[in-house]
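Below you'll find the structure, written out as structure tokens, and then a few comments.
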Amino acid sequence: MVDTLRNEKTTEDIAFGIRRRVFEHAMRNNGGYLSQACSAAEQLAWLYNEELNLGAPTLPMIPKPFEGVPHAENPNYHTGAGYNGPFAPEFDRLFIAPAHYALVAYATLIETGRMAAEGLEMFNKDGSSVEMIGAEHSPGMEVHNGTLGIGLSTAAGLAWARKRRGEAGRVWVYMSDGEVQEGQTWEAIQCCAHHRIDNVKAIMDVNKQQCDGAMDSVMEVGDLKKKMENFGAVVVEVDAHNLNDMRDAAKTKHEGKPLIILANSNPFHAMPILEERFPRLHYVRFKSEEERARMNISIADSLGVDPIDYAH
Amino acid sequence: MVEMVSRPYERAFEAHAIANPDVLCISADLTSSCEIDKFRDNHPDQFLSMGMAEQNMMSFCGGLGLAGYRPFVHTFGVFTYRRPYDQLMASIAYPRRKVRIMGFLPGITTPGGMTHQAIEDISVMRSMPNMTILETGDATEVESICEAADSIDGPVYCRVLRGSMPRLFDTPIVVGQMRELSLGADVLIVTAGITTEEAMRATKALEASGVSVRHLHLNTIKPFNAEAMLDHINSVKSGVITLENHVTEGGIGSLVAEIMADNGVGKKLKRLGLNDTYAHGGSRAYLMRYYGLDALALTQGVEDLLGQKLDITEKDLTEARVDAVHSLAKAEGL
């Protein structure tokens with residue numbers, strides 16, 4: 001662990017800071033991935049502040065602009081993984097499989113001292129690397145995951161390779177429950193089990209929401225724990241807003257199998273007014289100035305902060 | 001008479017993998033069909049069974065590539081891009097992982113019908129940024145495909161032949177370098193893969209009928225040296241004809257058409273191949289005849305191009321032997 005990065009903040013402080021930043025951003029930009037901050041803040045705060053073994057960032061605190069995609073004629077291309085520290089055998093790697101959580105992930109980087117607050121001002125601006133759907137070159141990202149379902153497979157390949165190379169670092173995947181509708185997720189779990197890949201660990205935000213609305217109305221996925229166990233994973237269910245639950249779950253033995261922590265989350269956690277928008281929570285765009293103002297006051301009150309002066 | 005070689009891939013892959021410990025042998029449940037069953041048995045530590053799960057396999061290989069391994073993916077070509085297209089794009093092509101995709105049974109080289117025949121793979125891969133495409137046309141090219149593919153700084157898709165095949169060339173693949181098999185001045189014939197042998201037979205019959213043939217064999221389809229091709233196009237009087245084991249859209253016919261159009265070449269181009277159609281299951285010889293991919297189709301195409309009857313028969317073509325590669329008579333064609 002790099003203690004210099006363990007700032008004074010507690011994991012609770014960081015989770016609060018993530019929600020505050022995403023709230024501010026959504027207010028200023030007339031919408032955003034608010035619900036993902038509600039469900040995911042503790043999970044990402046816990047990963048970055050406690051569970052992941054990461055080195056100091058290797059990329060500038062203020063992200064560089066977009067510098068081109070990977071190409072034979074772009075030799076200086078690099079991913080945004082440097083915000084998670086250098087690649088070294090002992091360090092962990094993290095893939096944010098639902099790249100739509102990028103806003104929340106960027107807020108986490110800021111709260112954990114890995115990126116400057118200016119980074120969030122570049123979010124979704126033309127020419128910026130701080131993209132709306134996290135790209136490989138976006139801060140904290142190492143692979144493209146915007147197409148849902150590919151994250152766990154990529155992590156499995158990397159983890160198998162790291163094991164073969166004798167590296168102690170683990171490969172963590174942040175997942176979303178909507179991804180289980182993709183067959184590839186199940187291919188990945190059975191592959192990890194078959195090849196005894198146990199240096200893969202995943203935490204899945206089980207918020208039961210997807211783009212079209214509540215998952216049960218779009219495509220029922222059944223008993224995830226039972227299904228995943230049958231495919232060969234060790235699965236632990238936790239309350240996504242209870243840090244001790246997550247701490248304990250991560251200690252679960254899973255020799256020869258991948259560990260998947262199902263983090264049952266509340267998509268309105270700490271912002272109860274969002275329930276008004278249920279079941280369309282994927283991207284909350286305010287429908288009117290009246291709604292924006294009302295949400296501003298309500299969410300600020302729920303978080304215990306001042307409303308945002310978004311007119312300026 | 002031409003030398004026939006049995007299972008050259010099997011030996012070539014084993015030799016290459018043993019010499020390169022970061023090469024991994026990946027299989028998608030077609031291990032013996034891709035001639036890597038002995039490798040699996042002899043080198044289990046370097047072999048990974050991914051099962052019938054191509055989507056996971058492609059992203060998994062992306063992860064292996066991220067750690068510096070160079071996975072050689074073995075399955076039928078058609079299974080490497082139709083189902084896992086998204087994974088191929090996002091996990092391999094975009095990040096330029098050094099994944100070597102060994103696509104067996106290109107085009108109609110399988111009796112398996114539509115589901116097994118990779119007839120549009122070149123078209124798909126040509127439109128995929130960062131992807132390199134190589135194609136093998138004989139035993140020597142199959143013997144050198146592993147080394148050629150593994151020299152690419154990025155992902156590469158290879159059309160690989162299996163089983164018994166002729167030895168037409170005696171020099172390995174040089175990536176980016178087309179083979180000049182004849183240097184005549186009337187028509188330019190451009191082929192790749194299994195159509196090259198057909199064109200070599202057709203060339204003999206055409207030359208016997210007084211047509212001066214310039215014949216190029218392509219083993220590197222992307223990236224492509226347009227300048228060299230343009231020189232050859234400019235060196236013939238009567239036009240260009242392409243013959244491919246692939247649909248006529250997006251493959252080498254399109255490649256040549258693009259070069260001609262880009263450079264304002266006002267010559268006729270005839271593109272032979274699967275003409276906006278699927279194929280069905282059958283023997284290679286039957287399918288090549290039925291879909292017009294063989295030497296006879298090529299000589300008829302040349303007749304169309306020249307606007308004159310040459311009266312070359314199937315019998316003439318059967319009798320037109322392809323010489324053994326070491327024959328002095330073919331020295332210029334290597």
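Going through the structure tokens in order, the chains are called A, B, and so on, while each chain numbers its residues from 1 and the ligands are numbered from 1 in the order shown.
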Could you list, as a list in words, every residue within 6 Å of Arg271 of chain B, counting only C-alpha atoms and ignoring same-chain residues fewer than 2 positions away?
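Close residues of Arg271 of chain B: Ile241, Thr242 and Gly253 of chain B.
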Identify all chain A residues at most 9 Å from chain B by counting only C-alpha atoms; ligands do not count. Present them as a VMD selection string.
chain A and resid 69 to 72 136 143 to 147 150 to 162 165 183 to 188 191 195
Show me, as a list of chain:residue names, the residues that have an atom within 9 Å of segment 302-310 of chain A when counting only C-alpha atoms, minus same-chain residues fewer than 4 positions from it.
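Counting only the stated atoms, we get A:Phe16, A:Arg19, A:Arg20, A:Phe23, A:Glu24, A:Met27, A:Arg28, A:Asn29, A:Asn30, A:Ala270, A:Met271, A:Pro272, A:Ile273, A:Ala293, A:Asn296, A:Ile297, A:Ser298.
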Output file for the selection above: N, CA and C atoms, as a short mmCIF file (atom, residue, chain, number, x, y, z; two decimals), in the first residue's frame:
data_model
loop_
_atom_site.label_atom_id
_atom_site.label_comp_id
_atom_site.auth_asym_id
_atom_site.auth_seq_id
_atom_site.Cartn_x
_atom_site.Cartn_y
_atom_site.Cartn_z
N PHE A 16 -19.13 10.11 0.35
CA PHE A 16 -19.91 11.36 0.39
C PHE A 16 -19.40 12.33 -0.68
N ARG A 19 -20.57 11.49 -4.21
CA ARG A 19 -21.97 11.88 -4.47
C ARG A 19 -22.08 13.40 -4.63
N ARG A 20 -21.33 14.13 -3.78
CA ARG A 20 -21.40 15.59 -3.85
C ARG A 20 -20.89 16.08 -5.20
N PHE A 23 -23.35 15.15 -7.95
CA PHE A 23 -24.53 16.03 -7.80
C PHE A 23 -24.23 17.42 -8.39
N GLU A 24 -23.11 17.99 -8.00
CA GLU A 24 -22.75 19.32 -8.52
C GLU A 24 -22.67 19.30 -10.04
N MET A 27 -26.09 19.00 -11.67
CA MET A 27 -26.86 20.25 -11.58
C MET A 27 -26.35 21.26 -12.61
N ARG A 28 -25.04 21.39 -12.70
CA ARG A 28 -24.47 22.38 -13.62
C ARG A 28 -24.73 22.00 -15.08
N ASN A 29 -24.82 20.70 -15.34
CA ASN A 29 -24.95 20.25 -16.73
C ASN A 29 -26.36 19.76 -17.06
N ASN A 30 -27.31 20.10 -16.22
CA ASN A 30 -28.70 19.75 -16.44
C ASN A 30 -28.93 18.25 -16.56
N ALA A 270 -29.08 8.17 -0.56
CA ALA A 270 -28.63 9.51 -0.21
C ALA A 270 -29.23 10.60 -1.11
N MET A 271 -30.05 10.22 -2.08
CA MET A 271 -30.75 11.21 -2.91
C MET A 271 -32.18 10.69 -3.13
N PRO A 272 -32.97 10.60 -2.07
CA PRO A 272 -34.27 9.90 -2.18
C PRO A 272 -35.22 10.52 -3.21
N ILE A 273 -35.02 11.80 -3.52
CA ILE A 273 -35.95 12.42 -4.48
C ILE A 273 -35.86 11.77 -5.87
N ALA A 293 -34.58 22.72 -10.30
CA ALA A 293 -34.48 23.52 -9.07
C ALA A 293 -34.93 22.71 -7.86
N ASN A 296 -32.37 20.17 -7.02
CA ASN A 296 -31.20 20.84 -6.45
C ASN A 296 -31.38 21.02 -4.94
N ILE A 297 -32.52 21.55 -4.60
CA ILE A 297 -32.77 21.82 -3.18
C ILE A 297 -32.88 20.52 -2.39
N SER A 298 -33.61 19.57 -2.96
CA SER A 298 -33.84 18.32 -2.23
C SER A 298 -32.56 17.51 -2.04
#
If we count only C-alpha atoms, what is near Gly77 of chain B at a cut-off of 6 Å, once residues fewer than 6 positions away on the same chain are taken out, given as a PyMOL selection string?
chain B and resi 103-104+118
Neighbouring residues of Met61 of chain A were defined as those with any atom within 10 Å, considering only C-alpha atoms; residues of the same chain fewer than 3 positions away were excluded. Please report them as a short mmCIF file (atom, residue, chain, number, x, y, z; two decimals) with N, CA and C atoms, in the first residue's frame.
data_model
loop_
_atom_site.label_atom_id
_atom_site.label_comp_id
_atom_site.auth_asym_id
_atom_site.auth_seq_id
_atom_site.Cartn_x
_atom_site.Cartn_y
_atom_site.Cartn_z
N PRO A 57 -0.17 7.78 -8.86
CA PRO A 57 -0.49 8.03 -10.27
C PRO A 57 0.75 8.40 -11.08
N THR A 58 0.75 8.02 -12.33
CA THR A 58 1.88 8.32 -13.21
C THR A 58 1.51 9.35 -14.27
N LYS A 64 -4.58 15.29 -19.73
CA LYS A 64 -4.21 15.84 -21.03
C LYS A 64 -5.40 15.72 -21.97
N TYR A 83 -3.61 6.70 -13.93
CA TYR A 83 -4.25 7.31 -12.75
C TYR A 83 -4.41 6.30 -11.62
N LEU A 109 -11.60 9.28 -8.40
CA LEU A 109 -10.18 9.63 -8.57
C LEU A 109 -9.88 10.97 -7.90
N ILE A 110 -10.80 11.91 -8.03
CA ILE A 110 -10.58 13.22 -7.42
C ILE A 110 -10.60 13.10 -5.90
N GLY A 113 -7.48 11.75 -4.44
CA GLY A 113 -6.24 12.48 -4.70
C GLY A 113 -5.48 12.01 -5.92
N ARG A 114 -6.17 11.32 -6.82
CA ARG A 114 -5.48 10.81 -8.01
C ARG A 114 -5.69 11.68 -9.24
N MET A 115 -6.63 12.59 -9.17
CA MET A 115 -6.88 13.49 -10.30
C MET A 115 -7.31 14.84 -9.72
N ALA A 116 -6.97 15.91 -10.43
CA ALA A 116 -7.39 17.24 -9.97
C ALA A 116 -8.88 17.44 -10.24
N ALA A 117 -9.49 18.29 -9.44
CA ALA A 117 -10.92 18.57 -9.62
C ALA A 117 -11.21 19.13 -11.01
N GLU A 118 -10.21 19.78 -11.61
CA GLU A 118 -10.40 20.32 -12.97
C GLU A 118 -10.76 19.22 -13.97
N GLY A 119 -10.34 18.00 -13.65
CA GLY A 119 -10.62 16.88 -14.55
C GLY A 119 -12.10 16.73 -14.84
N PRO A 139 -9.24 8.96 -17.77
CA PRO A 139 -8.58 8.74 -16.48
C PRO A 139 -9.12 7.52 -15.72
#
Can you tell me which residues surround Arg162 of chain B at a distance of at most 12 Å, considering only C-alpha atoms, apart from same-chain residues fewer than 3 positions away, and format the answer as a PyMOL selection string?
chain B and resi 5-12+32-36+74-76+102-106+109-110+136-139+141-143+159+165-166+193-194
Select, from B:Met4, B:Val99, B:Ala228, B:Ala148, the residue with the minimum atom-to-atom distance to Leu24 of chain B, counting only C-alpha atoms.
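Answer, going by the shortest atom-to-atom distance: B:Val99.
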At a cut-off of 10 Å, using only C-alpha atoms, what residues contact Glu229 of chain A? Leave out same-chain residues fewer than 5 positions from it and give the result as number ranges by chain.
A: 189-190, 193, 224, 234-236, 257-260
